[in-house]
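run-v1.txt follows; it contains compact mmCIF, C-alpha atoms.
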# COMPACT_ATOMS: atom_id res chain seq x y z
CA MET A 589 -75.44 -123.50 -253.32
CA THR A 590 -78.63 -121.89 -254.65
CA ASN A 591 -78.07 -118.96 -252.29
CA TYR A 592 -74.58 -118.34 -253.71
CA LYS A 593 -75.86 -118.60 -257.31
CA ALA A 594 -78.64 -116.13 -256.55
CA THR A 595 -76.22 -113.74 -254.84
CA PHE A 596 -73.85 -113.93 -257.82
CA GLY A 597 -76.74 -113.29 -260.22
CA LEU A 598 -77.91 -110.24 -258.27
CA LEU A 599 -74.33 -108.99 -257.93
CA THR A 600 -73.89 -109.25 -261.71
CA ALA A 601 -77.08 -107.22 -262.22
CA THR A 602 -75.79 -104.62 -259.75
CA ILE A 603 -72.50 -104.34 -261.65
CA LEU A 604 -74.37 -103.79 -264.92
CA TRP A 605 -76.54 -101.07 -263.36
CA SER A 606 -73.39 -99.43 -261.96
CA VAL A 607 -71.88 -99.16 -265.45
CA SER A 608 -74.84 -97.05 -266.52
CA PHE A 609 -74.13 -94.12 -264.18
CA PRO A 610 -70.85 -92.85 -265.68
CA ILE A 611 -72.01 -93.75 -269.21
CA VAL A 612 -75.28 -91.83 -268.80
CA GLN A 613 -73.34 -88.87 -267.43
CA VAL A 614 -71.25 -88.78 -270.59
CA LEU A 615 -74.34 -89.34 -272.78
CA TYR A 616 -76.10 -86.33 -271.22
CA ALA A 617 -73.00 -84.16 -271.78
CA GLY A 618 -72.93 -85.10 -275.47
CA GLN A 619 -76.68 -84.53 -275.91
CA GLN A 620 -76.61 -81.15 -274.15
CA HIS A 621 -73.83 -80.10 -276.51
CA GLN A 622 -76.09 -81.11 -279.41
CA VAL A 623 -79.27 -79.60 -277.90
CA PRO A 624 -78.16 -76.71 -275.62
CA ASN A 625 -81.70 -75.85 -274.47
CA ALA A 626 -82.48 -79.43 -273.34
CA SER A 627 -83.25 -79.78 -269.63
CA ALA A 628 -81.85 -82.61 -267.53
CA LEU A 629 -85.37 -83.87 -266.87
CA PHE A 630 -86.15 -84.02 -270.60
CA LEU A 631 -82.94 -85.95 -271.31
CA SER A 632 -83.63 -88.42 -268.49
CA SER A 633 -87.22 -88.97 -269.70
CA LEU A 634 -86.00 -89.41 -273.28
CA LEU A 635 -83.42 -91.95 -272.16
CA MET A 636 -86.01 -93.95 -270.22
CA THR A 637 -88.45 -93.95 -273.15
CA SER A 638 -85.87 -94.92 -275.77
CA ARG A 639 -83.96 -97.36 -273.57
CA PHE A 640 -87.00 -99.34 -272.43
CA THR A 641 -88.66 -99.26 -275.86
CA ILE A 642 -85.55 -100.85 -277.35
CA ALA A 643 -85.36 -103.33 -274.45
CA ALA A 644 -89.00 -104.36 -275.00
CA LEU A 645 -88.38 -104.86 -278.73
CA ILE A 646 -85.28 -106.97 -278.04
CA VAL A 647 -87.19 -109.26 -275.67
CA MET A 648 -90.13 -109.45 -278.09
CA VAL A 649 -87.85 -110.63 -280.93
CA TRP A 650 -85.44 -112.75 -278.87
CA GLN A 651 -87.94 -114.48 -276.57
CA ARG A 652 -91.06 -114.53 -278.70
CA SER A 653 -92.18 -117.87 -277.28
CA ALA A 654 -91.91 -116.58 -273.72
CA LEU A 655 -94.46 -113.87 -274.48
CA LYS A 656 -97.18 -116.26 -275.62
CA ASN A 657 -100.10 -116.77 -273.26
CA CYS A 658 -98.88 -114.44 -270.52
CA THR A 659 -100.70 -115.25 -267.29
CA ILE A 660 -102.65 -112.75 -265.22
CA HIS A 661 -99.96 -112.96 -262.52
CA GLU A 662 -97.24 -112.11 -265.04
CA TRP A 663 -99.23 -109.09 -266.23
CA ARG A 664 -99.82 -107.92 -262.67
CA GLN A 665 -96.19 -108.31 -261.62
CA GLY A 666 -94.85 -106.71 -264.80
CA LEU A 667 -97.16 -103.70 -264.48
CA LEU A 668 -96.37 -103.31 -260.77
CA LEU A 669 -92.65 -103.38 -261.52
CA ALA A 670 -93.16 -100.85 -264.31
CA ILE A 671 -95.09 -98.47 -262.05
CA CYS A 672 -92.71 -98.75 -259.08
CA GLY A 673 -89.49 -98.82 -261.13
CA GLY A 674 -90.57 -96.15 -263.59
CA LEU A 675 -91.89 -93.84 -260.87
CA GLY A 676 -88.74 -94.35 -258.79
CA MET A 677 -86.39 -93.52 -261.68
CA TRP A 678 -88.46 -90.47 -262.69
CA LEU A 679 -88.57 -89.13 -259.10
CA GLN A 680 -84.82 -89.62 -258.80
CA ALA A 681 -84.20 -87.73 -262.04
CA ASP A 682 -86.39 -84.81 -260.94
CA ALA A 683 -84.89 -84.76 -257.43
CA LEU A 684 -81.42 -84.18 -258.88
CA ALA A 685 -82.64 -80.81 -260.18
CA PHE A 686 -83.54 -79.64 -256.66
CA THR A 687 -80.92 -81.13 -254.36
CA LYS A 688 -77.28 -82.20 -254.32
CA ALA A 689 -76.42 -85.48 -256.03
CA SER A 690 -74.80 -86.73 -252.81
CA THR A 691 -77.94 -86.02 -250.77
CA CYS A 692 -80.15 -87.66 -253.41
CA ALA A 693 -77.91 -90.75 -253.50
CA PHE A 694 -77.93 -91.08 -249.73
CA LEU A 695 -81.70 -90.64 -249.30
CA THR A 696 -82.48 -92.97 -252.22
CA GLN A 697 -80.56 -95.74 -250.47
CA ALA A 698 -82.99 -95.45 -247.54
CA TYR A 699 -84.54 -98.67 -248.84
CA CYS A 700 -81.65 -100.46 -247.08
CA VAL A 701 -83.44 -99.54 -243.84
CA LEU A 702 -87.02 -99.69 -245.15
CA LEU A 703 -86.68 -103.26 -246.46
CA PRO A 704 -85.69 -104.93 -243.14
CA ILE A 705 -88.53 -103.06 -241.42
CA ALA A 706 -91.06 -104.08 -244.09
CA ALA A 707 -89.82 -107.69 -244.05
CA ALA A 708 -90.05 -107.81 -240.26
CA ILE A 709 -93.62 -106.49 -240.30
CA ARG A 710 -94.69 -108.95 -242.98
CA SER A 711 -93.05 -112.01 -241.39
CA ARG A 712 -93.97 -110.87 -237.85
CA SER A 713 -90.43 -111.53 -236.65
CA LEU A 714 -87.50 -109.23 -235.93
CA PRO A 715 -84.42 -109.51 -238.17
CA ARG A 716 -81.35 -111.04 -236.58
CA PRO A 717 -78.69 -108.74 -235.05
CA SER A 718 -76.37 -109.54 -237.98
CA VAL A 719 -78.92 -108.00 -240.37
CA TRP A 720 -79.16 -104.76 -238.40
CA PHE A 721 -75.37 -104.58 -238.12
CA ALA A 722 -75.06 -105.06 -241.89
CA VAL A 723 -77.69 -102.34 -242.49
CA LEU A 724 -75.76 -99.96 -240.22
CA LEU A 725 -72.56 -100.64 -242.16
CA VAL A 726 -74.37 -99.97 -245.45
CA VAL A 727 -75.78 -96.66 -244.19
CA ILE A 728 -72.32 -95.56 -242.99
CA GLY A 729 -70.73 -96.70 -246.25
CA ILE A 730 -73.22 -94.87 -248.44
CA ALA A 731 -72.87 -91.73 -246.30
CA TYR A 732 -69.11 -91.81 -246.90
CA LEU A 733 -69.44 -92.54 -250.62
CA SER A 734 -72.00 -89.82 -251.24
CA GLY A 735 -70.20 -87.27 -249.10
CA VAL A 736 -73.46 -86.28 -247.45
CA ARG A 737 -73.41 -84.03 -244.38
CA LEU A 738 -76.04 -83.54 -241.68
CA ASP A 739 -76.60 -79.93 -242.73
CA ASP A 740 -77.52 -81.19 -246.24
CA LEU A 741 -80.48 -83.18 -244.94
CA ARG A 742 -83.23 -80.58 -245.27
CA LEU A 743 -86.64 -81.70 -246.51
CA GLY A 744 -87.12 -79.62 -249.64
CA ARG A 745 -88.66 -80.84 -252.89
CA GLY A 746 -85.54 -82.77 -253.92
CA GLU A 747 -85.20 -84.48 -250.54
CA ILE A 748 -88.86 -85.47 -250.40
CA GLU A 749 -88.73 -86.85 -253.95
CA SER A 750 -85.59 -88.84 -253.07
CA LEU A 751 -87.40 -90.44 -250.12
CA LEU A 752 -90.46 -91.19 -252.28
CA CYS A 753 -88.08 -92.71 -254.84
CA SER A 754 -86.67 -94.96 -252.12
CA ILE A 755 -90.18 -96.09 -251.18
CA ALA A 756 -90.94 -96.87 -254.84
CA PHE A 757 -87.78 -98.99 -255.12
CA THR A 758 -88.70 -100.75 -251.86
CA MET A 759 -92.09 -101.68 -253.32
CA GLN A 760 -90.37 -102.89 -256.50
CA ILE A 761 -88.10 -105.22 -254.52
CA LEU A 762 -90.97 -106.53 -252.39
CA CYS A 763 -93.01 -107.17 -255.56
CA LEU A 764 -90.50 -109.87 -256.52
CA ASP A 765 -91.12 -111.66 -253.22
CA VAL A 766 -94.90 -112.12 -253.54
CA PRO A 767 -95.69 -115.87 -253.30
CA LYS A 768 -98.26 -115.94 -256.13
CA PHE A 769 -95.67 -114.46 -258.53
CA ARG A 770 -92.97 -117.06 -257.84
CA ASN A 771 -93.67 -119.17 -260.93
CA ASN A 772 -93.82 -116.24 -263.33
CA ARG A 773 -91.47 -116.39 -266.32
CA PRO A 774 -88.79 -113.70 -265.97
CA PHE A 775 -88.67 -112.70 -269.65
CA ALA A 776 -92.45 -112.36 -269.85
CA VAL A 777 -92.40 -110.12 -266.77
CA CYS A 778 -89.45 -108.15 -268.18
CA PHE A 779 -91.27 -107.44 -271.44
CA ILE A 780 -94.39 -106.18 -269.67
CA MET A 781 -92.23 -104.07 -267.34
CA PHE A 782 -90.15 -102.55 -270.18
CA ALA A 783 -93.19 -101.79 -272.34
CA GLY A 784 -95.02 -100.31 -269.35
CA ILE A 785 -92.15 -97.94 -268.48
CA ALA A 786 -91.83 -96.85 -272.13
CA VAL A 787 -95.55 -96.11 -272.39
CA MET A 788 -95.57 -94.20 -269.07
CA THR A 789 -92.55 -92.03 -269.85
CA LEU A 790 -93.41 -91.17 -273.48
CA PRO A 791 -95.94 -88.41 -272.61
CA PHE A 792 -93.45 -86.81 -270.20
CA THR A 793 -90.74 -86.91 -272.86
CA LEU A 794 -92.94 -85.15 -275.41
CA PHE A 795 -94.19 -82.63 -272.85
CA LEU A 796 -90.69 -81.76 -271.60
CA ALA A 797 -89.11 -81.57 -275.06
CA PRO A 798 -88.20 -78.00 -276.10
CA ASN A 799 -89.62 -78.95 -279.50
CA LEU A 800 -90.06 -82.10 -281.58
CA PRO A 801 -86.79 -81.65 -283.53
CA ALA A 802 -84.98 -81.66 -280.16
CA VAL A 803 -86.02 -85.29 -279.63
CA SER A 804 -84.41 -86.49 -282.84
CA ALA A 805 -81.41 -84.16 -282.37
CA ALA A 806 -80.69 -85.64 -278.92
CA LEU A 807 -80.94 -89.20 -280.20
CA LEU A 808 -78.79 -88.37 -283.23
CA ALA A 809 -75.96 -86.91 -281.14
CA PRO A 810 -72.65 -88.66 -282.02
CA ASN A 811 -72.95 -92.35 -281.07
CA ALA A 812 -75.85 -91.58 -278.70
CA ILE A 813 -78.16 -94.23 -280.14
CA LEU A 814 -75.41 -96.86 -279.83
CA ILE A 815 -75.04 -96.04 -276.14
CA VAL A 816 -78.81 -96.26 -275.64
CA ILE A 817 -78.85 -99.68 -277.32
CA ALA A 818 -75.96 -100.83 -275.10
CA LEU A 819 -77.81 -99.61 -272.00
CA ALA A 820 -80.97 -101.38 -273.18
CA ILE A 821 -79.15 -104.70 -273.61
CA LEU A 822 -76.81 -104.66 -270.62
CA CYS A 823 -78.62 -102.59 -268.00
CA SER A 824 -82.21 -103.49 -268.90
CA VAL A 825 -82.62 -106.84 -270.67
CA ILE A 826 -79.80 -108.75 -268.94
CA ALA A 827 -79.76 -106.94 -265.57
CA TYR A 828 -83.52 -106.99 -264.97
CA HIS A 829 -83.77 -110.59 -266.15
CA LEU A 830 -81.15 -111.52 -263.55
CA MET A 831 -83.09 -109.56 -260.94
CA ASN A 832 -86.42 -111.19 -261.80
CA ARG A 833 -84.80 -114.63 -262.08
CA TRP A 834 -82.74 -114.75 -258.89
CA GLN A 835 -84.20 -112.33 -256.36
CA PRO A 836 -87.17 -114.55 -255.42
CA LEU A 837 -84.67 -117.20 -254.25
CA VAL A 838 -83.23 -114.98 -251.50
CA SER A 839 -84.81 -112.78 -248.85
CA PRO A 840 -85.63 -109.17 -249.73
CA VAL A 841 -83.15 -108.06 -247.05
CA GLN A 842 -80.30 -110.02 -248.62
CA ALA A 843 -81.28 -108.73 -252.06
CA VAL A 844 -81.33 -105.06 -251.04
CA LEU A 845 -77.97 -105.31 -249.30
CA THR A 846 -76.53 -106.84 -252.46
CA TYR A 847 -77.98 -103.93 -254.47
CA SER A 848 -76.29 -101.56 -252.01
CA MET A 849 -73.00 -102.49 -253.70
CA GLU A 850 -74.09 -100.32 -256.64
CA PRO A 851 -72.41 -97.10 -255.41
CA VAL A 852 -69.20 -99.04 -254.74
CA PHE A 853 -69.04 -100.38 -258.30
CA THR A 854 -70.12 -97.01 -259.66
CA ALA A 855 -67.26 -95.32 -257.81
CA GLY A 856 -64.86 -97.82 -259.37
CA PHE A 857 -66.16 -97.30 -262.89
CA THR A 858 -65.91 -93.51 -262.57
CA LEU A 859 -62.15 -93.90 -262.21
CA PHE A 860 -61.74 -94.71 -265.92
CA LEU A 861 -65.01 -94.83 -267.90
CA PRO A 862 -65.97 -91.11 -268.25
CA ALA A 863 -62.81 -90.06 -270.11
CA LEU A 864 -62.82 -93.26 -272.17
CA VAL A 865 -66.43 -92.95 -273.34
CA SER A 866 -66.30 -89.15 -273.74
CA LEU A 867 -63.55 -89.50 -276.34
CA TRP A 868 -65.90 -91.70 -278.34
CA LEU A 869 -68.71 -89.12 -278.06
CA GLY A 870 -66.53 -86.14 -278.90
CA CYS A 871 -66.82 -84.38 -275.53
CA ASP A 872 -64.36 -83.91 -272.68
CA LEU A 873 -65.11 -85.33 -269.23
CA LYS A 874 -62.58 -86.09 -266.52
CA ASN A 875 -62.31 -89.30 -264.55
CA GLU A 876 -62.80 -89.21 -260.81
CA SER A 877 -59.95 -90.05 -258.46
CA ILE A 878 -59.68 -92.40 -255.50
CA THR A 879 -60.57 -90.72 -252.21
CA GLN A 880 -60.51 -91.72 -248.56
CA ALA A 881 -64.31 -91.60 -248.49
CA MET A 882 -64.46 -94.00 -251.44
CA ILE A 883 -62.20 -96.51 -249.68
CA ILE A 884 -63.96 -96.34 -246.29
CA GLY A 885 -67.44 -96.39 -247.82
CA GLY A 886 -66.59 -99.29 -250.13
CA LEU A 887 -65.12 -101.34 -247.27
CA CYS A 888 -68.20 -100.78 -245.08
CA ILE A 889 -70.66 -101.89 -247.77
CA THR A 890 -68.48 -104.85 -248.81
CA CYS A 891 -68.21 -106.05 -245.19
CA ALA A 892 -72.00 -105.74 -244.81
CA ASN A 893 -72.57 -108.00 -247.81
CA LEU A 894 -70.01 -110.54 -246.60
CA ILE A 895 -71.88 -110.70 -243.28
CA ILE A 896 -75.20 -111.35 -245.03
CA ILE A 897 -73.65 -114.00 -247.31
CA LYS A 898 -72.06 -115.71 -244.31
CA PHE A 899 -75.22 -115.49 -242.18
CA PRO A 900 -78.06 -115.35 -244.72
CA HIS A 901 -81.40 -114.04 -243.57
CA VAL A 902 -83.97 -116.85 -243.58
CA HIS A 903 -86.44 -116.42 -246.42
CA PRO A 904 -89.92 -115.85 -245.01
CA ILE A 905 -91.56 -118.23 -247.50
CA THR A 906 -91.21 -121.75 -246.16
CA ASN A 907 -94.52 -123.22 -247.31
CA PRO A 908 -93.79 -126.18 -249.65
CA GLU A 909 -96.59 -124.87 -251.86
CA PHE A 910 -94.09 -122.24 -253.01
CA PRO A 911 -90.87 -124.06 -253.97
CA THR A 912 -87.48 -122.34 -254.08
CA THR A 913 -87.09 -123.14 -257.76
CA ARG A 914 -89.36 -122.18 -260.61
CA GLU A 915 -90.84 -124.26 -263.34
CA ASN A 916 -90.34 -123.36 -266.98
CA GLN A 917 -87.51 -120.93 -266.29
CA ASP A 918 -86.27 -118.73 -269.10
CA PRO A 919 -82.74 -119.42 -270.26
CA LEU A 920 -79.83 -117.04 -269.50

Before we go any further, please render this structure as structure tokens.
Amino acid sequence: MTNYKATFGLLTATILWSVSFPIVQVLYAGQQHQVPNASALFLSSLLMTSRFTIAALIVMVWQRSALKNCTIHEWRQGLLLAICGGLGMWLQADALAFTKASTCAFLTQAYCVLLPIAAAIRSRSLPRPSVWFAVLLVVIGIAYLSGVRLDDLRLGRGEIESLLCSIAFTMQILCLDVPKFRNNRPFAVCFIMFAGIAVMTLPFTLFLAPNLPAVSAALLAPNAILIVIALAILCSVIAYHLMNRWQPLVSPVQAVLTYSMEPVFTAGFTLFLPALVSLWLGCDLKNESITQAMIIGGLCITCANLIIIKFPHVHPITNPEFPTTRENQDPL
């Protein structure tokens, strides 16, 4: 039963992250209308700084007691997650300026292959055939969803950054499976992670800004700050708490295959969210339409996750010193 609860928790986090993609697309369109000389990299850095600053403040106010007497392990895990997650998101944002979005999406999802390999090396045992079959289905599904072609896979700056981004996300996922971190409090780790990302991205935001008034102008675009607050609550505070809370109770392989559902949910949200949110922001963006690639890709990734749920990969940590439940868990 714990496995199903953990899978549901991670799936909920994945759905929340998926909502962010079409919403951020609309947000950028509204901000670029307000600040025409703003680069995509500046807007992405500004979003990360503002989003994670607000998320850190929310956790600090809401879970004040959870932040008292943070342990050394909580500090280490939170800072590691901040470095890996922040670096991965920044590399992904920069890669989009040098390669196609479909190629970036496909290469970023390389962690679906990297994770089983890393888990096999660490546990000194090969994954079961069902795991490799599920990974193959995920790779095929993502290739269909992203519309990537073999002639797109050239190793330029964007492609290399996408692969480095995938490695950073792989390290982030593995960080939640370290035995000595298993009793860390999720909200304490989340706060350290959010604050760390905000501090790391602030210098880049100021450096990339066309000028200081551009920072305030982008944030004061119609309803922009409300969207940033919504992203901070839904896609940061709640989603990352679910990730930190439930991922240690499943294997990294099962977790990463669950996260691979993100492009499927994203494709579904793009069918109605862009036009809906753009009306609120005063810009005009069209919804996407259902395609054959979307259907085939979605079915492949969904089948892969059903296989993993039906035949879960055995978690490498079996030592009773590290129980499958945590003490002093945060509520949510």

Open item on the list: If we count all atoms listed in the file and set the cut-off at 6 Å, which residues sit around range 843-854 of chain A, ignoring sequence neighbours fewer than 6 positions away in its own chain? Please answer as a count of residues only.
Closed with: 3

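Atom to atom, CA of Leu790 in chain A and CA of Pro862 in chain A stand 27.9 Å apart.
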
Task: Neighbour list for Leu668 in chain A as a VMD selection string, cut-off 12 Å, only C-alpha atoms, skip fewer than 2 positions in-chain - done: chain A and resid 661 to 666 670 to 676 756 to 757 759 to 764 766 769 777 to 778 780 to 782 784 to 785

Task: Closest of A:Phe779, A:Trp650, A:Phe609, A:Tyr616 to Asn811 in chain A - atom-to-atom distances counting all atoms listed in the file - done: A:Tyr616

Task: Nearest to Ile728 in chain A, chosen from A:Cys700, A:Ile895, A:Leu714, A:Ser750, with only C-alpha atoms counted in the distances - done: A:Cys700

TODO: Would you mind telling me which residue in A:Asn771, A:Thr600, A:Asn893, A:Thr758 lies nearest to His829 in chain A when using only C-alpha atoms?
DONE: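 Closest candidate: A:Thr600.
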